[in-house]
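Source file: target.txt (compact mmCIF, N, CA and C atoms)
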```txt
# COMPACT_ATOMS: atom_id res chain seq x y z
N MET A 146 38.93 -19.77 26.48
CA MET A 146 38.69 -20.18 25.12
C MET A 146 37.37 -20.92 24.99
N GLU A 147 37.05 -21.76 25.97
CA GLU A 147 35.79 -22.50 25.93
C GLU A 147 34.60 -21.57 26.05
N GLU A 148 34.74 -20.50 26.83
CA GLU A 148 33.65 -19.55 27.00
C GLU A 148 33.37 -18.82 25.68
N LEU A 149 34.43 -18.45 24.98
CA LEU A 149 34.27 -17.78 23.71
C LEU A 149 33.60 -18.70 22.68
N LEU A 150 34.00 -19.96 22.68
CA LEU A 150 33.41 -20.93 21.76
C LEU A 150 31.94 -21.15 22.09
N ALA A 151 31.61 -21.23 23.38
CA ALA A 151 30.21 -21.40 23.79
C ALA A 151 29.39 -20.18 23.38
N TRP A 152 29.95 -18.99 23.55
CA TRP A 152 29.24 -17.77 23.15
C TRP A 152 29.01 -17.76 21.64
N LEU A 153 30.03 -18.14 20.86
CA LEU A 153 29.92 -18.14 19.41
C LEU A 153 28.88 -19.15 18.93
N VAL A 154 28.86 -20.34 19.53
CA VAL A 154 27.86 -21.35 19.15
C VAL A 154 26.46 -20.84 19.49
N GLY A 155 26.31 -20.26 20.67
CA GLY A 155 25.01 -19.71 21.06
C GLY A 155 24.56 -18.60 20.12
N ALA A 156 25.49 -17.72 19.74
CA ALA A 156 25.15 -16.62 18.82
C ALA A 156 24.78 -17.16 17.45
N LEU A 157 25.48 -18.19 16.99
CA LEU A 157 25.12 -18.78 15.69
C LEU A 157 23.75 -19.45 15.74
N ILE A 158 23.43 -20.11 16.84
CA ILE A 158 22.12 -20.75 16.97
C ILE A 158 21.02 -19.69 16.99
N THR A 159 21.20 -18.63 17.79
CA THR A 159 20.17 -17.59 17.82
C THR A 159 20.09 -16.86 16.48
N GLY A 160 21.22 -16.72 15.79
CA GLY A 160 21.19 -16.14 14.45
C GLY A 160 20.43 -17.01 13.47
N PHE A 161 20.62 -18.33 13.55
CA PHE A 161 19.89 -19.24 12.67
C PHE A 161 18.39 -19.20 12.95
N VAL A 162 18.02 -19.14 14.23
CA VAL A 162 16.59 -19.03 14.57
C VAL A 162 16.03 -17.72 14.03
N GLY A 163 16.79 -16.63 14.16
CA GLY A 163 16.36 -15.35 13.61
C GLY A 163 16.21 -15.41 12.10
N TYR A 164 17.12 -16.14 11.44
CA TYR A 164 17.01 -16.31 9.99
C TYR A 164 15.73 -17.06 9.64
N CYS A 165 15.42 -18.11 10.37
CA CYS A 165 14.20 -18.89 10.11
C CYS A 165 12.95 -18.04 10.30
N ILE A 166 12.94 -17.22 11.33
CA ILE A 166 11.79 -16.35 11.59
C ILE A 166 11.66 -15.30 10.48
N GLY A 167 12.77 -14.67 10.14
CA GLY A 167 12.74 -13.59 9.15
C GLY A 167 12.53 -14.05 7.73
N SER A 168 12.90 -15.28 7.40
CA SER A 168 12.78 -15.74 6.02
C SER A 168 11.33 -15.87 5.59
N ARG A 169 10.41 -16.00 6.52
CA ARG A 169 8.97 -16.06 6.15
C ARG A 169 8.51 -14.76 5.53
N ALA A 170 9.15 -13.65 5.91
CA ALA A 170 8.75 -12.34 5.39
C ALA A 170 9.81 -11.76 4.46
N GLY A 171 10.74 -12.58 4.00
CA GLY A 171 11.78 -12.08 3.10
C GLY A 171 12.83 -11.27 3.82
N MET A 172 12.99 -11.47 5.11
CA MET A 172 13.97 -10.72 5.90
C MET A 172 14.95 -11.66 6.59
N GLY A 173 15.39 -12.69 5.86
CA GLY A 173 16.27 -13.68 6.46
C GLY A 173 17.60 -13.12 6.92
N GLY A 174 18.21 -12.26 6.10
CA GLY A 174 19.50 -11.68 6.46
C GLY A 174 19.40 -10.79 7.68
N SER A 175 18.35 -9.98 7.73
CA SER A 175 18.13 -9.13 8.90
C SER A 175 17.85 -9.97 10.13
N GLY A 176 17.10 -11.04 9.93
CA GLY A 176 16.80 -11.93 11.06
C GLY A 176 18.05 -12.57 11.63
N PHE A 177 18.94 -13.03 10.75
CA PHE A 177 20.18 -13.63 11.23
C PHE A 177 21.02 -12.61 11.99
N THR A 178 21.13 -11.41 11.43
CA THR A 178 21.96 -10.38 12.06
C THR A 178 21.40 -10.01 13.43
N LEU A 179 20.08 -9.77 13.50
CA LEU A 179 19.49 -9.41 14.79
C LEU A 179 19.59 -10.55 15.79
N GLY A 180 19.35 -11.77 15.33
CA GLY A 180 19.47 -12.92 16.23
C GLY A 180 20.89 -13.13 16.71
N PHE A 181 21.85 -12.96 15.82
CA PHE A 181 23.25 -13.16 16.18
C PHE A 181 23.71 -12.11 17.19
N LEU A 182 23.35 -10.84 16.93
CA LEU A 182 23.84 -9.76 17.79
C LEU A 182 23.04 -9.59 19.07
N LEU A 183 21.71 -9.76 19.00
CA LEU A 183 20.87 -9.46 20.15
C LEU A 183 20.21 -10.68 20.79
N GLY A 184 20.32 -11.83 20.15
CA GLY A 184 19.72 -13.04 20.70
C GLY A 184 18.21 -12.97 20.66
N PRO A 185 17.54 -13.45 21.70
CA PRO A 185 16.07 -13.45 21.73
C PRO A 185 15.47 -12.04 21.64
N CYS A 186 16.18 -11.03 22.11
CA CYS A 186 15.69 -9.65 21.96
C CYS A 186 15.62 -9.28 20.48
N GLY A 187 16.55 -9.77 19.68
CA GLY A 187 16.53 -9.54 18.25
C GLY A 187 15.34 -10.21 17.58
N TRP A 188 14.91 -11.36 18.13
CA TRP A 188 13.73 -12.02 17.58
C TRP A 188 12.49 -11.16 17.78
N VAL A 189 12.39 -10.57 18.97
CA VAL A 189 11.24 -9.71 19.26
C VAL A 189 11.27 -8.49 18.34
N LEU A 190 12.43 -7.88 18.20
CA LEU A 190 12.57 -6.73 17.30
C LEU A 190 12.22 -7.12 15.86
N LEU A 191 12.64 -8.29 15.44
CA LEU A 191 12.33 -8.77 14.09
C LEU A 191 10.83 -8.97 13.91
N TYR A 192 10.17 -9.49 14.93
CA TYR A 192 8.71 -9.69 14.87
C TYR A 192 8.00 -8.36 14.64
N PHE A 193 8.39 -7.33 15.37
CA PHE A 193 7.75 -6.03 15.20
C PHE A 193 8.09 -5.40 13.85
N MET A 194 9.29 -5.64 13.34
CA MET A 194 9.66 -5.15 12.01
C MET A 194 8.79 -5.82 10.95
N MET A 195 8.54 -7.11 11.10
CA MET A 195 7.70 -7.82 10.14
C MET A 195 6.27 -7.30 10.18
N ARG A 196 5.77 -7.01 11.36
CA ARG A 196 4.40 -6.48 11.48
C ARG A 196 4.30 -5.11 10.83
N MET A 197 5.32 -4.26 11.02
CA MET A 197 5.29 -2.94 10.39
C MET A 197 5.33 -3.05 8.88
N ASN A 198 6.13 -3.97 8.34
CA ASN A 198 6.18 -4.17 6.89
C ASN A 198 4.85 -4.66 6.35
N ALA A 199 4.19 -5.56 7.09
CA ALA A 199 2.89 -6.07 6.65
C ALA A 199 1.85 -4.95 6.66
N ARG A 200 1.89 -4.10 7.68
CA ARG A 200 0.94 -2.99 7.76
C ARG A 200 1.16 -2.01 6.62
N GLU A 201 2.43 -1.70 6.32
CA GLU A 201 2.73 -0.79 5.21
C GLU A 201 2.27 -1.37 3.88
N ALA A 202 2.44 -2.68 3.70
CA ALA A 202 2.00 -3.32 2.46
C ALA A 202 0.48 -3.26 2.35
N SER A 203 -0.21 -3.39 3.47
CA SER A 203 -1.68 -3.31 3.47
C SER A 203 -2.14 -1.91 3.10
N VAL A 204 -1.48 -0.90 3.64
CA VAL A 204 -1.84 0.49 3.34
C VAL A 204 -1.59 0.79 1.86
N GLU A 205 -0.47 0.30 1.32
CA GLU A 205 -0.18 0.52 -0.09
C GLU A 205 -1.21 -0.16 -0.98
N ALA A 206 -1.64 -1.36 -0.61
CA ALA A 206 -2.65 -2.06 -1.40
C ALA A 206 -3.97 -1.29 -1.37
N THR A 207 -4.33 -0.74 -0.22
CA THR A 207 -5.55 0.05 -0.11
C THR A 207 -5.46 1.30 -0.97
N GLN A 208 -4.32 1.96 -0.97
CA GLN A 208 -4.14 3.16 -1.78
C GLN A 208 -4.21 2.84 -3.27
N ARG A 209 -3.64 1.70 -3.67
CA ARG A 209 -3.71 1.31 -5.09
C ARG A 209 -5.15 1.01 -5.49
N ALA A 210 -5.91 0.36 -4.61
CA ALA A 210 -7.31 0.06 -4.91
C ALA A 210 -8.13 1.34 -5.01
N GLU A 211 -7.85 2.30 -4.13
CA GLU A 211 -8.55 3.58 -4.17
C GLU A 211 -8.21 4.34 -5.44
N ALA A 212 -6.96 4.30 -5.85
CA ALA A 212 -6.56 4.99 -7.08
C ALA A 212 -7.20 4.35 -8.31
N ALA A 213 -7.43 3.04 -8.27
CA ALA A 213 -8.06 2.37 -9.41
C ALA A 213 -9.53 2.76 -9.55
N ARG A 214 -10.15 3.22 -8.46
CA ARG A 214 -11.55 3.64 -8.50
C ARG A 214 -11.71 5.04 -9.05
N ARG A 215 -10.64 5.73 -9.30
CA ARG A 215 -10.71 7.12 -9.74
C ARG A 215 -10.33 7.25 -11.21
N VAL A 216 -11.00 8.17 -11.89
CA VAL A 216 -10.70 8.49 -13.29
C VAL A 216 -10.58 10.01 -13.38
N PRO A 217 -9.86 10.52 -14.38
CA PRO A 217 -9.72 11.98 -14.49
C PRO A 217 -10.99 12.64 -15.02
N CYS A 218 -11.30 13.79 -14.48
CA CYS A 218 -12.43 14.60 -14.94
C CYS A 218 -12.08 15.12 -16.33
N PRO A 219 -13.01 15.11 -17.29
CA PRO A 219 -12.69 15.60 -18.63
C PRO A 219 -12.47 17.11 -18.69
N MET A 220 -12.94 17.86 -17.71
CA MET A 220 -12.77 19.31 -17.73
C MET A 220 -11.47 19.75 -17.05
N CYS A 221 -11.25 19.30 -15.82
CA CYS A 221 -10.09 19.80 -15.06
C CYS A 221 -8.99 18.76 -14.89
N ARG A 222 -9.24 17.51 -15.30
CA ARG A 222 -8.28 16.40 -15.23
C ARG A 222 -7.91 15.99 -13.81
N GLU A 223 -8.67 16.44 -12.81
CA GLU A 223 -8.45 16.00 -11.43
C GLU A 223 -9.13 14.64 -11.24
N PRO A 224 -8.62 13.78 -10.34
CA PRO A 224 -9.24 12.47 -10.15
C PRO A 224 -10.64 12.58 -9.54
N VAL A 225 -11.55 11.79 -10.10
CA VAL A 225 -12.95 11.76 -9.66
C VAL A 225 -13.31 10.31 -9.39
N ILE A 226 -14.05 10.06 -8.33
CA ILE A 226 -14.51 8.71 -8.02
C ILE A 226 -15.53 8.29 -9.06
N ARG A 227 -15.43 7.06 -9.52
CA ARG A 227 -16.38 6.55 -10.52
C ARG A 227 -17.80 6.64 -9.98
N GLY A 228 -18.70 7.11 -10.83
CA GLY A 228 -20.10 7.22 -10.45
C GLY A 228 -20.49 8.57 -9.87
N ALA A 229 -19.55 9.48 -9.71
CA ALA A 229 -19.87 10.80 -9.16
C ALA A 229 -20.70 11.58 -10.16
N ARG A 230 -21.62 12.39 -9.66
CA ARG A 230 -22.46 13.20 -10.53
C ARG A 230 -21.83 14.55 -10.85
N LEU A 231 -21.07 15.07 -9.90
CA LEU A 231 -20.37 16.34 -10.09
C LEU A 231 -18.90 16.15 -9.75
N CYS A 232 -18.05 16.88 -10.47
CA CYS A 232 -16.62 16.89 -10.13
C CYS A 232 -16.46 17.73 -8.87
N PRO A 233 -15.80 17.23 -7.83
CA PRO A 233 -15.64 18.02 -6.62
C PRO A 233 -14.69 19.20 -6.79
N HIS A 234 -13.93 19.23 -7.86
CA HIS A 234 -12.95 20.29 -8.06
C HIS A 234 -13.51 21.44 -8.90
N CYS A 235 -14.06 21.11 -10.08
CA CYS A 235 -14.55 22.16 -10.97
C CYS A 235 -16.08 22.25 -11.00
N ARG A 236 -16.75 21.34 -10.31
CA ARG A 236 -18.21 21.31 -10.18
C ARG A 236 -18.92 21.08 -11.51
N SER A 237 -18.27 20.53 -12.51
CA SER A 237 -18.95 20.26 -13.78
C SER A 237 -19.74 18.96 -13.64
N PRO A 238 -20.94 18.90 -14.24
CA PRO A 238 -21.74 17.68 -14.16
C PRO A 238 -21.11 16.56 -15.00
N LEU A 239 -21.22 15.34 -14.53
CA LEU A 239 -20.61 14.19 -15.20
C LEU A 239 -21.71 13.19 -15.55
N ASP A 240 -21.64 12.61 -16.74
CA ASP A 240 -22.63 11.64 -17.20
C ASP A 240 -21.92 10.32 -17.47
N TRP A 241 -22.32 9.28 -16.77
CA TRP A 241 -21.69 7.96 -16.90
C TRP A 241 -22.47 7.03 -17.82
N SER A 242 -23.67 7.39 -18.22
CA SER A 242 -24.52 6.45 -18.94
C SER A 242 -23.98 6.14 -20.34
N ALA A 243 -23.39 7.10 -21.03
CA ALA A 243 -22.96 6.88 -22.41
C ALA A 243 -21.76 5.94 -22.52
N GLU A 244 -20.83 6.00 -21.61
CA GLU A 244 -19.61 5.19 -21.69
C GLU A 244 -19.45 4.31 -20.46
N ARG A 245 -20.52 3.75 -19.97
CA ARG A 245 -20.46 2.97 -18.73
C ARG A 245 -19.55 1.76 -18.87
N HIS A 246 -19.61 1.08 -19.98
CA HIS A 246 -18.82 -0.15 -20.12
C HIS A 246 -17.33 0.13 -20.30
N ARG A 247 -16.95 1.33 -20.68
CA ARG A 247 -15.53 1.66 -20.84
C ARG A 247 -14.96 2.42 -19.65
N GLY A 248 -15.80 2.92 -18.77
CA GLY A 248 -15.34 3.66 -17.61
C GLY A 248 -14.94 5.08 -17.90
N LYS A 249 -15.42 5.65 -19.02
CA LYS A 249 -15.08 7.03 -19.35
C LYS A 249 -16.22 7.94 -18.94
N ILE A 250 -15.91 9.19 -18.76
CA ILE A 250 -16.90 10.18 -18.35
C ILE A 250 -17.25 11.04 -19.55
N VAL A 251 -18.51 11.37 -19.66
CA VAL A 251 -18.98 12.27 -20.71
C VAL A 251 -19.63 13.46 -20.03
N ILE A 252 -19.32 14.65 -20.51
CA ILE A 252 -19.96 15.84 -19.97
C ILE A 252 -21.27 16.05 -20.71
N PRO A 253 -22.38 16.08 -19.99
CA PRO A 253 -23.67 16.26 -20.67
C PRO A 253 -23.77 17.65 -21.29
N ALA A 254 -24.55 17.73 -22.37
CA ALA A 254 -24.77 19.02 -23.02
C ALA A 254 -25.56 19.93 -22.09
N ARG A 255 -25.19 21.19 -22.05
CA ARG A 255 -25.89 22.13 -21.19
C ARG A 255 -27.20 22.56 -21.86
N ARG A 256 -28.23 22.60 -21.09
CA ARG A 256 -29.55 22.99 -21.59
C ARG A 256 -29.70 24.49 -21.47
N ARG A 257 -30.38 25.04 -22.43
CA ARG A 257 -30.66 26.48 -22.38
C ARG A 257 -31.79 26.70 -21.41
N THR A 258 -31.61 27.62 -20.53
CA THR A 258 -32.65 27.90 -19.55
C THR A 258 -33.38 29.22 -19.80
N GLY A 259 -32.82 30.05 -20.65
CA GLY A 259 -33.43 31.35 -20.91
C GLY A 259 -34.42 31.28 -22.07
N PRO A 260 -35.04 32.38 -22.39
CA PRO A 260 -35.99 32.42 -23.51
C PRO A 260 -35.25 32.28 -24.84
N ARG A 261 -35.92 31.68 -25.81
CA ARG A 261 -35.33 31.51 -27.13
C ARG A 261 -35.41 32.80 -27.92
N ARG A 262 -34.43 33.04 -28.73
CA ARG A 262 -34.42 34.29 -29.53
C ARG A 262 -34.92 34.06 -30.91
```
Go through the file and emit its structure as structure tokens.
Amino acid sequence: MEELLAWLVGALITGFVGYCIGSRAGMGGSGFTLGFLLGPCGWVLLYFMMRMNAREASVEATQRAEAARRVPCPMCREPVIRGARLCPHCRSPLDWSAERHRGKIVIPARRRTGPRR
């Protein structure tokens, strides 16, 4: 009976430590469970889980920032990086000078290259 009680106290302590570690990243419940069931090995597993979550959040933030830099092409509606001179999809020329402050694209008027009739 004393051995079971000692094991339970130890598991609760390691679970509490896991909760403290995981609560910094919003994973307190997972931290307690891993600490309770796996002890110090659960802490290591929790550490790597937190690093993976941080990396995924960083990638998502980068993707959101990249998407904010893109606007739809007025001809084909495909995303175009701001400041591009040609649409990479439909190859139409893009003019940013007219609507620079609003971030909209204007298609410049095509010039006649042949002889006048």
If I take atom CA of A:Met146 and atom N of A:Ile158, how far is one from the other in Å, to one decimal? 17.4 Å
All alpha helix (DSSP H) positions in chain A, as a PyMOL selection string: chain A and resi 147-168+173-183+185-213
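In this model, the gap between atom C of A:Ile226 and atom CA of A:Ser203 comes to 22.0 Å.
The two atoms in question, atom N of A:Glu223 and atom N of A:Thr207, are spaced 21.7 Å apart.
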Using all atoms listed in the file, which residues sit within 8 Å of A:Thr178 once same-chain residues fewer than 2 positions away are excluded, as a ChimeraX atom specification? /A:159-161,163-164,172-176,180-184,187
Nearby residues (all atoms listed in the file) at most 8 Å from A:Ala170, same-chain spacing under 4 positions excluded, as an MDAnalysis selection string: chainID A and resid 165:166 195
Output file for the residues above (N, CA and C atoms, as a short mmCIF file (atom, residue, chain, number, x, y, z; two decimals), keeping the file's coordinate frame):
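So the final result, stored in out02.cif, reads:
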```
data_model
loop_
_atom_site.label_atom_id
_atom_site.label_comp_id
_atom_site.auth_asym_id
_atom_site.auth_seq_id
_atom_site.Cartn_x
_atom_site.Cartn_y
_atom_site.Cartn_z
N CYS A 165 15.42 -18.11 10.37
CA CYS A 165 14.20 -18.89 10.11
C CYS A 165 12.95 -18.04 10.30
N ILE A 166 12.94 -17.22 11.33
CA ILE A 166 11.79 -16.35 11.59
C ILE A 166 11.66 -15.30 10.48
N MET A 195 8.54 -7.11 11.10
CA MET A 195 7.70 -7.82 10.14
C MET A 195 6.27 -7.30 10.18
#
```
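Around the point (-8.3, 4.9, -11.9), within 12 Å and counting only C-alpha atoms, we find these residues: Gln208, Arg209, Ala210, Glu211, Ala212, Ala213, Arg214, Arg215, Val216, Pro217, Cys218, Arg222, Glu223, Pro224, Val225, Ile226, Arg227, Arg247, Gly248, Lys249 and Ile250 of chain A.
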So which one's closest to A:Pro233, A:Ala202, A:Cys221, A:Ala156, A:Leu149? Using only C-alpha atoms, please. A:Cys221
Could you give me the residues within chain A that DSSP places in strand (DSSP E), as a VMD selection string? chain A and resid 215 to 217 224 to 226
